[in-house]
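With compact mmCIF, C-alpha atoms inside, this is target12.txt:
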```txt
# COMPACT_ATOMS: atom_id res chain seq x y z
CA MET R 75 -20.10 1.15 29.56
CA THR R 76 -20.10 -1.20 26.57
CA PHE R 77 -18.05 -0.97 23.39
CA PRO R 78 -18.50 -2.58 19.96
CA GLU R 79 -17.05 -6.07 19.71
CA ARG R 80 -16.33 -5.99 15.98
CA PHE R 81 -12.83 -4.62 16.65
CA SER R 82 -12.19 -6.51 19.88
CA ASN R 83 -10.00 -9.17 18.27
CA LEU R 84 -7.68 -6.73 16.52
CA PRO R 85 -4.06 -7.33 17.55
CA PRO R 86 -2.07 -4.26 18.53
CA TYR R 87 -0.99 -2.26 15.50
CA ALA R 88 2.41 -3.24 14.11
CA PHE R 89 4.48 -0.39 15.50
CA PRO R 90 3.14 -0.31 19.08
CA ARG R 91 3.63 -4.07 18.99
CA LEU R 92 7.25 -3.57 17.95
CA ARG R 93 7.80 -1.07 20.76
CA SER R 94 6.51 -3.64 23.24
CA LEU R 95 8.79 -6.33 21.79
CA LEU R 96 11.89 -4.16 22.21
CA ALA R 97 10.86 -2.44 25.46
CA GLY R 98 13.75 -2.41 27.95
CA LEU R 99 16.26 -3.75 25.41
CA GLU R 100 19.29 -1.57 24.74
CA PRO R 101 20.64 -1.20 21.19
CA GLY R 102 23.88 -3.04 20.57
CA GLY R 103 25.25 -0.38 18.24
CA GLU R 104 24.52 2.98 16.69
CA PRO R 105 20.72 2.81 16.07
CA VAL R 106 19.53 2.45 12.48
CA ASP R 107 15.76 2.47 11.97
CA MET R 108 14.54 0.41 9.00
CA THR R 109 10.97 -0.14 10.19
CA ILE R 110 8.57 2.45 8.79
CA GLY R 111 8.07 2.99 5.07
CA SER R 112 8.09 6.77 5.37
CA PRO R 113 9.96 8.26 2.38
CA LEU R 114 13.04 10.32 3.25
CA HIS R 115 14.19 11.37 -0.20
CA PRO R 116 13.86 15.11 -0.89
CA PHE R 117 10.56 16.31 -2.32
CA PRO R 118 10.38 19.07 -4.97
CA GLN R 119 11.07 22.34 -3.20
CA TRP R 120 8.97 24.33 -5.67
CA ILE R 121 5.77 23.06 -4.10
CA THR R 122 6.49 25.25 -1.06
CA ASP R 123 6.15 28.33 -3.26
CA ILE R 124 2.85 27.06 -4.64
CA ILE R 125 1.46 26.51 -1.15
CA VAL R 126 2.55 30.00 -0.06
CA GLU R 127 1.09 31.60 -3.20
CA ASN R 128 -2.25 29.95 -2.46
CA ALA R 129 -2.15 30.34 1.33
CA ALA R 130 -5.31 32.47 1.34
CA GLY R 131 -7.15 29.25 0.54
CA PHE R 132 -6.59 28.07 4.11
CA GLY R 133 -9.26 30.60 5.09
CA GLY R 134 -12.12 28.75 3.41
CA TYR R 135 -13.58 25.29 3.21
CA PRO R 136 -11.96 23.34 0.35
CA PRO R 137 -13.92 21.46 -2.33
CA ASN R 138 -14.85 18.19 -0.68
CA ASP R 139 -14.34 15.97 -3.72
CA GLY R 140 -11.34 17.85 -5.10
CA ALA R 141 -10.98 21.10 -7.03
CA PRO R 142 -11.78 20.73 -10.76
CA GLU R 143 -8.16 21.62 -11.63
CA LEU R 144 -6.81 18.86 -9.37
CA LEU R 145 -9.27 16.27 -10.69
CA SER R 146 -8.31 17.25 -14.23
CA ALA R 147 -4.59 16.87 -13.42
CA ILE R 148 -5.23 13.41 -11.95
CA SER R 149 -7.30 12.43 -14.98
CA ASP R 150 -4.46 13.56 -17.26
CA TRP R 151 -1.97 11.53 -15.22
CA ILE R 152 -4.17 8.44 -15.43
CA LEU R 153 -4.22 8.79 -19.21
CA PHE R 154 -0.42 9.23 -19.26
CA ARG R 155 0.29 6.35 -16.85
CA TYR R 156 -2.42 3.80 -17.63
CA ASN R 157 -3.44 4.80 -21.16
CA VAL R 158 -7.04 4.99 -19.95
CA LYS R 159 -9.29 8.03 -20.33
CA VAL R 160 -11.49 8.78 -17.33
CA ASP R 161 -13.87 11.67 -16.84
CA ALA R 162 -12.45 14.00 -14.21
CA ALA R 163 -15.86 15.15 -12.96
CA THR R 164 -17.51 11.74 -12.59
CA GLN R 165 -14.75 9.12 -12.33
CA VAL R 166 -12.13 10.67 -10.03
CA LEU R 167 -12.30 11.51 -6.33
CA SER R 168 -9.61 13.36 -4.37
CA LEU R 169 -8.64 11.71 -1.08
CA ASN R 170 -6.86 12.73 2.10
CA GLY R 171 -4.32 9.96 1.50
CA THR R 172 -5.26 6.52 0.21
CA ARG R 173 -5.89 5.03 3.66
CA GLU R 174 -9.02 7.16 3.97
CA GLY R 175 -10.22 5.93 0.60
CA LEU R 176 -9.39 2.27 1.19
CA PHE R 177 -11.51 2.40 4.34
CA ASN R 178 -14.41 4.58 3.21
CA SER R 179 -14.78 2.87 -0.15
CA ALA R 180 -15.67 -0.32 1.67
CA MET R 181 -18.21 1.67 3.69
CA ALA R 182 -19.71 3.10 0.51
CA LEU R 183 -19.62 0.05 -1.76
CA CYS R 184 -19.80 -3.16 0.30
CA PRO R 185 -23.35 -4.57 0.47
CA GLU R 186 -24.84 -5.60 3.81
CA GLY R 187 -25.27 -9.13 2.54
CA LYS R 188 -24.27 -11.36 -0.35
CA ASN R 189 -25.46 -14.96 -0.18
CA GLY R 190 -25.22 -14.48 3.59
CA LYS R 191 -22.49 -12.51 5.33
CA PRO R 192 -20.32 -10.76 2.73
CA VAL R 193 -16.64 -11.65 2.43
CA VAL R 194 -13.74 -9.30 1.81
CA LEU R 195 -10.60 -10.99 0.47
CA MET R 196 -7.14 -9.55 1.02
CA PRO R 197 -3.51 -10.60 0.65
CA ASN R 198 -1.74 -11.95 3.71
CA PRO R 199 0.51 -10.12 4.77
CA PHE R 200 -1.39 -6.90 4.08
CA TYR R 201 -1.91 -3.20 4.79
CA GLN R 202 -3.89 -3.27 8.03
CA VAL R 203 -6.66 -0.88 6.93
CA TYR R 204 -8.07 -3.61 4.67
CA SER R 205 -8.97 -5.71 7.68
CA VAL R 206 -10.43 -2.86 9.74
CA ALA R 207 -12.56 -1.70 6.80
CA SER R 208 -13.94 -5.22 6.42
CA LEU R 209 -14.89 -5.45 10.07
CA ALA R 210 -16.42 -1.97 10.05
CA VAL R 211 -18.89 -2.94 7.31
CA GLY R 212 -19.81 -6.21 9.01
CA ALA R 213 -18.06 -8.37 6.43
CA GLU R 214 -15.87 -11.41 7.04
CA PRO R 215 -12.22 -10.67 6.27
CA ILE R 216 -10.39 -13.62 4.75
CA TYR R 217 -6.59 -13.45 4.65
CA VAL R 218 -5.33 -15.18 1.51
CA PRO R 219 -1.66 -16.22 1.81
CA ALA R 220 0.78 -14.37 -0.47
CA THR R 221 3.85 -16.59 -0.20
CA LEU R 222 6.95 -17.49 -2.17
CA ASP R 223 4.97 -20.38 -3.67
CA THR R 224 2.30 -18.01 -5.01
CA GLY R 225 4.77 -15.41 -6.27
CA PHE R 226 4.03 -13.25 -3.20
CA LEU R 227 0.59 -12.44 -4.61
CA PRO R 228 -2.65 -13.96 -3.28
CA ASP R 229 -4.22 -16.86 -5.15
CA PHE R 230 -7.83 -15.72 -4.81
CA ALA R 231 -9.04 -18.46 -7.15
CA SER R 232 -7.95 -21.06 -4.57
CA MET R 233 -10.71 -19.95 -2.19
CA PRO R 234 -13.63 -22.37 -1.71
CA GLU R 235 -16.71 -21.87 -3.88
CA ASP R 236 -18.90 -20.82 -0.96
CA VAL R 237 -16.38 -18.09 -0.03
CA LEU R 238 -16.19 -16.77 -3.59
CA ASN R 239 -19.99 -16.71 -3.84
CA ARG R 240 -20.06 -14.40 -0.79
CA THR R 241 -17.14 -12.23 -1.87
CA ALA R 242 -18.04 -8.55 -2.30
CA ILE R 243 -14.57 -7.00 -2.47
CA ALA R 244 -11.01 -8.16 -3.04
CA TYR R 245 -8.14 -5.88 -2.06
CA LEU R 246 -4.94 -6.21 -4.05
CA CYS R 247 -1.74 -4.24 -3.51
CA SER R 248 0.54 -4.24 -6.57
CA PRO R 249 3.43 -3.65 -6.28
CA SER R 250 2.89 -5.49 -3.04
CA ASN R 251 3.78 -4.39 0.47
CA PRO R 252 5.95 -5.90 1.89
CA GLN R 253 7.30 -8.24 -0.80
CA GLY R 254 7.60 -5.96 -3.84
CA ALA R 255 5.83 -8.39 -6.17
CA VAL R 256 4.07 -7.02 -9.27
CA ALA R 257 0.85 -8.41 -10.72
CA SER R 258 1.44 -9.39 -14.34
CA PRO R 259 -1.10 -8.74 -17.12
CA GLU R 260 -1.97 -12.44 -16.93
CA TYR R 261 -2.56 -12.22 -13.16
CA TRP R 262 -4.85 -9.22 -13.67
CA ALA R 263 -6.75 -10.99 -16.45
CA ASP R 264 -7.36 -14.03 -14.25
CA LEU R 265 -8.46 -11.87 -11.31
CA LEU R 266 -10.83 -9.83 -13.49
CA ALA R 267 -12.34 -13.03 -14.88
CA LEU R 268 -12.81 -14.33 -11.33
CA ALA R 269 -14.40 -11.03 -10.23
CA GLU R 270 -16.82 -11.15 -13.15
CA LYS R 271 -17.73 -14.78 -12.54
CA TYR R 272 -18.47 -14.18 -8.85
CA ASP R 273 -19.52 -10.53 -9.18
CA PHE R 274 -17.18 -8.76 -6.77
CA LYS R 275 -15.23 -5.50 -6.94
CA ILE R 276 -11.44 -5.20 -7.01
CA PHE R 277 -9.90 -2.50 -4.82
CA ALA R 278 -6.49 -1.91 -6.42
CA ASP R 279 -4.01 -0.30 -4.00
CA GLU R 280 -1.22 1.01 -6.26
CA CYS R 281 0.57 3.45 -3.98
CA TYR R 282 3.97 1.87 -4.86
CA SER R 283 3.29 1.84 -8.61
CA GLU R 284 5.90 4.48 -9.48
CA ILE R 285 8.82 2.88 -7.62
CA TYR R 286 9.96 0.15 -9.97
CA ARG R 287 13.21 -1.14 -11.40
CA GLY R 288 12.62 -2.34 -14.94
CA VAL R 289 9.28 -2.94 -16.63
CA VAL R 290 6.56 -0.47 -15.72
CA PRO R 291 4.04 -2.31 -13.51
CA THR R 292 0.72 -3.04 -15.20
CA GLY R 293 -2.04 -1.09 -13.49
CA ALA R 294 -5.53 -2.29 -12.72
CA LEU R 295 -7.16 0.30 -14.99
CA THR R 296 -4.96 -0.73 -17.91
CA ALA R 297 -5.80 -4.40 -17.33
CA ALA R 298 -9.52 -3.61 -16.98
CA LYS R 299 -9.89 -1.87 -20.35
CA GLY R 300 -12.93 -3.40 -22.04
CA HIS R 301 -14.42 -4.54 -18.72
CA ASP R 302 -17.20 -2.95 -16.71
CA PRO R 303 -15.65 0.28 -15.32
CA GLU R 304 -17.41 -0.34 -12.00
CA ARG R 305 -15.46 -3.59 -11.52
CA VAL R 306 -12.24 -1.88 -10.34
CA VAL R 307 -11.55 0.98 -7.93
CA LEU R 308 -7.99 2.32 -8.24
CA PHE R 309 -6.19 4.05 -5.35
CA ASN R 310 -2.95 5.99 -5.66
CA SER R 311 -1.23 8.92 -3.99
CA LEU R 312 1.73 11.28 -3.93
CA SER R 313 3.13 9.80 -0.71
CA LYS R 314 5.64 7.41 -2.24
CA ARG R 315 5.70 8.74 -5.81
CA SER R 316 6.68 12.26 -4.76
CA ASN R 317 8.08 11.67 -1.22
CA LEU R 318 5.18 13.65 0.23
CA ALA R 319 3.49 11.41 2.76
CA GLY R 320 2.66 14.48 4.85
CA LEU R 321 0.83 16.23 2.02
CA ARG R 322 -1.97 13.62 2.31
CA SER R 323 -2.95 13.80 -1.32
CA GLY R 324 -4.38 10.71 -2.94
CA PHE R 325 -7.20 9.75 -5.26
CA ALA R 326 -9.65 7.05 -6.21
CA ALA R 327 -10.74 6.37 -9.79
CA SER R 328 -13.50 4.08 -10.96
CA GLY R 329 -16.79 3.95 -12.82
CA PRO R 330 -19.30 6.79 -12.37
CA GLU R 331 -21.64 4.75 -10.17
CA ASN R 332 -18.91 3.76 -7.71
CA ILE R 333 -17.62 7.32 -7.51
CA LYS R 334 -21.16 8.66 -7.07
CA HIS R 335 -21.68 6.45 -4.01
CA MET R 336 -18.24 7.30 -2.64
CA LYS R 337 -18.91 11.03 -3.04
CA ALA R 338 -22.27 10.69 -1.30
CA LEU R 339 -20.61 9.18 1.78
CA ARG R 340 -17.71 11.63 1.64
CA ALA R 341 -20.12 14.55 1.83
CA TYR R 342 -20.90 13.38 5.37
CA ALA R 343 -17.66 11.79 6.52
CA GLY R 344 -14.82 13.00 4.30
CA ALA R 345 -11.76 15.00 5.29
CA PRO R 346 -11.03 17.22 2.26
CA LEU R 347 -7.53 18.37 1.46
CA PRO R 348 -6.93 22.10 2.14
CA LEU R 349 -7.07 24.09 -1.08
CA PRO R 350 -3.41 25.25 -1.04
CA LEU R 351 -2.36 21.60 -0.80
CA GLN R 352 -4.71 20.71 -3.65
CA ARG R 353 -2.99 23.36 -5.78
CA ALA R 354 0.39 21.83 -4.97
CA ALA R 355 -0.88 18.32 -5.72
CA GLU R 356 -2.22 19.53 -9.06
CA LYS R 357 1.29 20.57 -10.13
CA LEU R 358 2.91 17.41 -8.76
CA TRP R 359 0.69 15.07 -10.80
CA GLY R 360 1.82 16.96 -13.89
CA ASP R 361 5.57 16.59 -13.26
CA GLU R 362 7.49 13.37 -13.91
CA GLY R 363 11.04 14.67 -13.56
CA HIS R 364 11.14 14.42 -9.78
CA VAL R 365 9.53 10.96 -9.95
CA GLU R 366 12.27 9.57 -12.18
CA ALA R 367 14.95 11.06 -9.92
CA ASN R 368 13.28 9.33 -6.97
CA ARG R 369 13.18 6.02 -8.84
CA VAL R 370 16.92 6.21 -9.56
CA LEU R 371 17.70 6.51 -5.83
CA TYR R 372 15.58 3.49 -4.99
CA ARG R 373 17.03 1.45 -7.85
CA GLU R 374 20.51 2.01 -6.43
CA LYS R 375 19.42 0.73 -3.03
CA LEU R 376 17.63 -2.30 -4.45
CA ASP R 377 20.56 -3.16 -6.71
CA TYR R 378 22.93 -2.92 -3.75
CA SER R 379 20.63 -5.14 -1.69
CA ASP R 380 20.72 -7.75 -4.44
CA THR R 381 24.51 -7.90 -4.28
CA LEU R 382 24.37 -8.26 -0.51
CA PHE R 383 21.53 -10.78 -0.09
CA GLY R 384 21.32 -12.38 -3.53
CA GLU R 385 22.83 -15.70 -2.41
CA ILE R 386 20.68 -16.02 0.72
CA ASP R 387 18.46 -19.09 0.48
CA GLY R 388 14.86 -17.98 0.06
CA PHE R 389 15.66 -14.37 -0.81
CA LYS R 390 13.48 -12.96 -3.60
CA SER R 391 14.65 -9.72 -5.13
CA PRO R 392 11.75 -7.23 -5.11
CA GLU R 393 10.51 -6.09 -8.50
CA ALA R 394 9.27 -2.78 -7.13
CA GLY R 395 8.59 -0.80 -3.96
CA PHE R 396 11.18 -0.04 -1.30
CA PHE R 397 11.06 -2.96 1.13
CA LEU R 398 13.13 -6.09 1.55
CA TRP R 399 11.25 -9.20 2.71
CA LEU R 400 14.05 -11.22 4.22
CA PRO R 401 13.70 -14.89 5.23
CA VAL R 402 14.67 -15.76 8.83
CA LYS R 403 13.94 -18.63 11.21
CA ASN R 404 11.75 -16.52 13.47
CA GLY R 405 10.84 -12.89 12.76
CA GLU R 406 10.49 -11.74 16.37
CA GLU R 407 13.69 -13.43 17.51
CA ALA R 408 15.62 -12.02 14.55
CA THR R 409 14.27 -8.54 15.31
CA LYS R 410 15.36 -8.70 18.93
CA ARG R 411 18.76 -10.05 18.01
CA LEU R 412 19.37 -7.33 15.43
CA TRP R 413 18.44 -4.65 17.94
CA THR R 414 20.40 -5.95 20.93
CA GLN R 415 23.51 -6.96 18.96
CA GLU R 416 23.66 -4.32 16.21
CA GLY R 417 21.17 -1.53 17.00
CA VAL R 418 19.37 -2.23 13.71
CA LYS R 419 15.60 -1.95 13.99
CA VAL R 420 13.35 -3.88 11.58
CA LEU R 421 9.75 -5.13 11.66
CA PRO R 422 8.79 -8.77 12.28
CA GLY R 423 6.87 -10.03 9.26
CA ALA R 424 4.18 -11.62 11.39
CA TYR R 425 3.04 -8.15 12.51
CA LEU R 426 1.82 -7.53 8.96
CA GLY R 427 -0.10 -10.79 8.66
CA ARG R 428 -2.73 -12.96 10.31
CA ASP R 429 -3.00 -16.64 11.03
CA TYR R 430 -4.68 -18.51 8.19
CA GLN R 431 -5.38 -22.19 8.79
CA GLY R 432 -2.94 -22.09 11.69
CA THR R 433 -0.06 -20.35 9.91
CA ASN R 434 0.99 -16.72 9.64
CA PRO R 435 2.81 -16.24 6.30
CA GLY R 436 4.99 -13.54 7.84
CA ASP R 437 6.34 -15.60 10.76
CA GLN R 438 9.66 -16.40 9.10
CA TYR R 439 10.37 -12.98 7.62
CA ILE R 440 11.45 -9.50 8.60
CA ARG R 441 10.56 -6.35 6.67
CA VAL R 442 13.34 -3.86 6.00
CA ALA R 443 12.49 -0.36 4.73
CA LEU R 444 15.04 1.09 2.29
CA VAL R 445 14.07 4.71 2.89
CA ALA R 446 17.20 6.16 4.53
CA PRO R 447 19.94 7.79 2.43
CA MET R 448 22.41 5.31 0.95
CA ASN R 449 25.27 6.41 3.21
CA GLU R 450 23.17 5.51 6.27
CA LEU R 451 21.46 2.47 4.78
CA GLN R 452 24.55 0.65 3.51
CA PRO R 453 26.29 0.11 6.87
CA GLY R 454 22.98 -0.86 8.45
CA LEU R 455 22.37 -3.54 5.83
CA ILE R 456 25.92 -4.86 6.24
CA ARG R 457 25.42 -5.16 10.00
CA LEU R 458 22.08 -6.87 9.42
CA LYS R 459 23.57 -9.45 7.09
CA SER R 460 26.48 -10.18 9.44
CA CYS R 461 24.18 -10.63 12.42
CA ILE R 462 21.46 -12.77 10.80
CA TYR R 463 23.24 -14.63 8.04
CA GLY R 464 26.86 -14.69 9.21
```
Here is the file; what I need is its structure written in the form of structure tokens.
Amino acid sequence: MTFPERFSNLPPYAFPRLRSLLAGLEPGGEPVDMTIGSPLHPFPQWITDIIVENAAGFGGYPPNDGAPELLSAISDWILFRYNVKVDAATQVLSLNGTREGLFNSAMALCPEGKNGKPVVLMPNPFYQVYSVASLAVGAEPIYVPATLDTGFLPDFASMPEDVLNRTAIAYLCSPSNPQGAVASPEYWADLLALAEKYDFKIFADECYSEIYRGVVPTGALTAAKGHDPERVVLFNSLSKRSNLAGLRSGFAASGPENIKHMKALRAYAGAPLPLPLQRAAEKLWGDEGHVEANRVLYREKLDYSDTLFGEIDGFKSPEAGFFLWLPVKNGEEATKRLWTQEGVKVLPGAYLGRDYQGTNPGDQYIRVALVAPMNELQPGLIRLKSCIYG
């Protein structure tokens, strides 16, 4: 029996890889898990009542592209958040979490060829679905380093001319995972100019957009006002914003042509959100009170982390998101040491990146998720600092 080779070179996914790294190693203290970015703050309890009130909807097939009321709520939120008016019926698509959309949008929108084999650009380190989506459509994924020198955002303009001429899509995560860097209005303007010059689409992954400390992060749709609406596809969700990763409610927003093609594919291969969950999502997009309360909790953790790690050479305080990207000599060795000496579990940075010109930008970092309650997180961070930095 033969299998497709396009995925044969994928390394093991980050978390199975971590389990293998620590297999057989006993924790050196009370275990504290800081690996997965799964929100643990409380979500609004009133959504449970909404789901129960609409439970009869589980008995029927839900609207594949999103109920009109949900699409309208998302459109209203986009106007509130990005100051951009989009048509709910033609420019918004409900998703079963953004990962589905980030993958299937490449399937729907990436051409089979562009001056030869198409290229998909992505930051390095990156959310792993970007790479798999690129391979699935027969494109060449190119991992553009997002390092301290580049402000932890990829310098797409540094790519060779022949690569840019073949580029069909560029993924950008802002605020970035894992570094918490935010694309400035100037960064967006330069990227949009590059995309127009070389005629590629920008897939803007903004799932961390509502977890910020000071200035509200500029969104892709705000930056793209006045540009071709088909140039940018925005992705966002309730997972981080509302602490509801299990609700699986996200959306994509773009120009009518992009959304038309995405809907056409989704009619065959989509996984629509059950109607009771769509009703809950509709209410959540219309409520900002719980979002601000969530932000306050993360600000406290990030501010505390600054006091703890601020003097560490190479430490860059994250502007947004809920990860620390901590510099170490070797990410895997630091991870093993933290586990065996302190019982603190983190993720080696290299597991989120790929080699580019012989170097993995994550090799000398560990990612630390600040999702646990402060009373659990604080002692874990103190043990981490003592173990790694003395």
Nearest to Ile125 of chain R: which of R:Ala355, R:Val370, R:Leu426, R:Leu169 is it, counting all atoms listed in the file?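 Counting all atoms listed in the file, the residue closest to Ile125 of chain R is R:Ala355.
Minimum atom-to-atom distances from R:Glu331, R:Val445, R:Leu358, R:Ala326 to Glu374 of chain R were compared using all atoms listed in the file, and the lowest value belongs to R:Val445.
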Counting all atoms listed in the file, which residues of segment 88-187 of chain R fall within 10 Å of segment 238-253 of chain R, and what is the closest atom pair for each with its distance in Å at one decimal, ordered by chain and rising number, as a Markdown table?
```
| residue | atom | partner | partner_atom | distance |
| --- | --- | --- | --- | --- |
| R:Gly111 | CA | R:Pro252 | CA | 9.7 |
| R:Leu176 | CA | R:Tyr245 | CA | 8.9 |
| R:Ala180 | CA | R:Ile243 | CA | 7.9 |
| R:Leu183 | CA | R:Ile243 | CA | 8.7 |
| R:Cys184 | CA | R:Ala242 | CA | 6.2 |
| R:Pro185 | CA | R:Ala242 | CA | 7.2 |
| R:Glu186 | CA | R:Ala242 | CA | 9.6 |
| R:Gly187 | CA | R:Arg240 | CA | 8.1 |
```
Nearest residue to Tyr87 of chain R out of R:His115, R:Glu100, R:Tyr425, R:Val442, using all atoms listed in the file?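 Using all atoms listed in the file, Tyr87 of chain R sits closest to R:Tyr425.
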Distance query 10 Å from (0.6, 20.6, -12.2) using all atoms listed in the file, result as number ranges by chain: R: 121, 143-144, 146-148, 151, 353-361
Residues from the last selection, C-alpha atoms, saved as a short mmCIF file (atom, residue, chain, number, x, y, z; two decimals), in the coordinates of the input:
```cif
data_model
loop_
_atom_site.label_atom_id
_atom_site.label_comp_id
_atom_site.auth_asym_id
_atom_site.auth_seq_id
_atom_site.Cartn_x
_atom_site.Cartn_y
_atom_site.Cartn_z
CA ILE R 121 5.77 23.06 -4.10
CA GLU R 143 -8.16 21.62 -11.63
CA LEU R 144 -6.81 18.86 -9.37
CA SER R 146 -8.31 17.25 -14.23
CA ALA R 147 -4.59 16.87 -13.42
CA ILE R 148 -5.23 13.41 -11.95
CA TRP R 151 -1.97 11.53 -15.22
CA ARG R 353 -2.99 23.36 -5.78
CA ALA R 354 0.39 21.83 -4.97
CA ALA R 355 -0.88 18.32 -5.72
CA GLU R 356 -2.22 19.53 -9.06
CA LYS R 357 1.29 20.57 -10.13
CA LEU R 358 2.91 17.41 -8.76
CA TRP R 359 0.69 15.07 -10.80
CA GLY R 360 1.82 16.96 -13.89
CA ASP R 361 5.57 16.59 -13.26
#
```
Taking 5 positions as the minimum chain separation for residues in the same chain, which residues sit within 10 Å of Thr433 of chain R when counting only C-alpha atoms? Answer as a list of chain:residue names.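 Everything that qualifies: R:Pro219, R:Ala424, R:Gly427, R:Arg428.
Of the listed residues (R:Pro116, R:Pro453, R:Gly171, R:Pro435), R:Gly171 comes nearest to Phe325 of chain R; the distances count only C-alpha atoms.
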Each residue of segment 276-348 of chain R with at least one atom at most 12 Å from segment 197-208 of chain R should appear once, together with its nearest atom pair and the corresponding distance in Å (one decimal); atoms considered: only C-alpha atoms; ordering: chain, then increasing residue number; output as CSV.
```
residue,atom,partner,partner_atom,distance
R:Phe277,CA,R:Tyr204,CA,9.7
R:Ala278,CA,R:Tyr204,CA,11.3
R:Asp279,CA,R:Tyr201,CA,9.5
R:Glu280,CA,R:Tyr201,CA,11.8
R:Cys281,CA,R:Tyr201,CA,11.3
```
The selected residues should be written to file as a compact mmCIF listing (two decimals), in the coordinates of the input (atoms: C-alpha atoms).
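Result file follows (out.txt):
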```txt
# COMPACT_ATOMS: atom_id res chain seq x y z
CA PHE R 277 -9.90 -2.50 -4.82
CA ALA R 278 -6.49 -1.91 -6.42
CA ASP R 279 -4.01 -0.30 -4.00
CA GLU R 280 -1.22 1.01 -6.26
CA CYS R 281 0.57 3.45 -3.98
```
Which one of R:Val365, R:Ala141, R:Ile124, R:Ala163 sits closest to Asn317 of chain R if you count only C-alpha atoms?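 Nearest to Asn317 of chain R: R:Val365.
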What does the distance between atom CA of Thr172 of chain R and atom CA of Ser313 of chain R come to in Å, to one decimal place?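 Rounded to one decimal, the two atoms are 9.1 Å apart.
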Show me, as a ChimeraX atom specification, the residues that have an atom within 10 Å of segment 291-305 of chain R when counting all atoms listed in the file, minus same-chain residues fewer than 3 positions from it. /R:152-153,155-160,165,243,246,248-249,255-263,265-267,269-270,273-280,282-288,308-309,327-333,393-394
Residues of the last selection are to be written out with C-alpha atoms, as a compact mmCIF listing (two decimals), in the frame of the given file.
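This is the output file out-v9.txt:
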```txt
# COMPACT_ATOMS: atom_id res chain seq x y z
CA ILE R 152 -4.17 8.44 -15.43
CA LEU R 153 -4.22 8.79 -19.21
CA ARG R 155 0.29 6.35 -16.85
CA TYR R 156 -2.42 3.80 -17.63
CA ASN R 157 -3.44 4.80 -21.16
CA VAL R 158 -7.04 4.99 -19.95
CA LYS R 159 -9.29 8.03 -20.33
CA VAL R 160 -11.49 8.78 -17.33
CA GLN R 165 -14.75 9.12 -12.33
CA ILE R 243 -14.57 -7.00 -2.47
CA LEU R 246 -4.94 -6.21 -4.05
CA SER R 248 0.54 -4.24 -6.57
CA PRO R 249 3.43 -3.65 -6.28
CA ALA R 255 5.83 -8.39 -6.17
CA VAL R 256 4.07 -7.02 -9.27
CA ALA R 257 0.85 -8.41 -10.72
CA SER R 258 1.44 -9.39 -14.34
CA PRO R 259 -1.10 -8.74 -17.12
CA GLU R 260 -1.97 -12.44 -16.93
CA TYR R 261 -2.56 -12.22 -13.16
CA TRP R 262 -4.85 -9.22 -13.67
CA ALA R 263 -6.75 -10.99 -16.45
CA LEU R 265 -8.46 -11.87 -11.31
CA LEU R 266 -10.83 -9.83 -13.49
CA ALA R 267 -12.34 -13.03 -14.88
CA ALA R 269 -14.40 -11.03 -10.23
CA GLU R 270 -16.82 -11.15 -13.15
CA ASP R 273 -19.52 -10.53 -9.18
CA PHE R 274 -17.18 -8.76 -6.77
CA LYS R 275 -15.23 -5.50 -6.94
CA ILE R 276 -11.44 -5.20 -7.01
CA PHE R 277 -9.90 -2.50 -4.82
CA ALA R 278 -6.49 -1.91 -6.42
CA ASP R 279 -4.01 -0.30 -4.00
CA GLU R 280 -1.22 1.01 -6.26
CA TYR R 282 3.97 1.87 -4.86
CA SER R 283 3.29 1.84 -8.61
CA GLU R 284 5.90 4.48 -9.48
CA ILE R 285 8.82 2.88 -7.62
CA TYR R 286 9.96 0.15 -9.97
CA ARG R 287 13.21 -1.14 -11.40
CA GLY R 288 12.62 -2.34 -14.94
CA LEU R 308 -7.99 2.32 -8.24
CA PHE R 309 -6.19 4.05 -5.35
CA ALA R 327 -10.74 6.37 -9.79
CA SER R 328 -13.50 4.08 -10.96
CA GLY R 329 -16.79 3.95 -12.82
CA PRO R 330 -19.30 6.79 -12.37
CA GLU R 331 -21.64 4.75 -10.17
CA ASN R 332 -18.91 3.76 -7.71
CA ILE R 333 -17.62 7.32 -7.51
CA GLU R 393 10.51 -6.09 -8.50
CA ALA R 394 9.27 -2.78 -7.13
```
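Take the candidates R:Asn83, R:Gln438, R:Thr381, R:Gln119 and check each one against Thr409 of chain R using all atoms listed in the file; the shortest distance goes to R:Gln438.
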Between atom CA of Leu84 of chain R and atom CA of Asn170 of chain R, what is the distance, to one decimal in Å? 24.2 Å
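Across the model, the gap from atom CA of Phe226 of chain R to atom CA of Met196 of chain R is 12.5 Å.
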Skipping near chain neighbours, those fewer than 5 positions away, what residues fall within 7 Å of segment 388-390 of chain R using only C-alpha atoms, listed as JSON, numbers by chain? {"R": [383, 400, 401]}
Exercise: Leu339 of chain R partners within 12 Å, only C-alpha atoms, chain neighbours under 6 positions left out, as a ChimeraX atom specification: /R:138-139,167,174-175,177-183,332-333,345
Could you list, as a ChimeraX atom specification, every residue within 9 Å of Gly103 of chain R, counting all atoms listed in the file and ignoring same-chain residues fewer than 5 positions away? /R:413-418
Mind giving me the axis-aligned box for segment 385-388 of chain R with 8 Å on every side, centre plus edges in Å to one decimal, as AutoDock Vina command-line options?
```
--center_x 18.8 --center_y -17.4 --center_z -0.8 --size_x 24.0 --size_y 19.4 --size_z 19.1
```
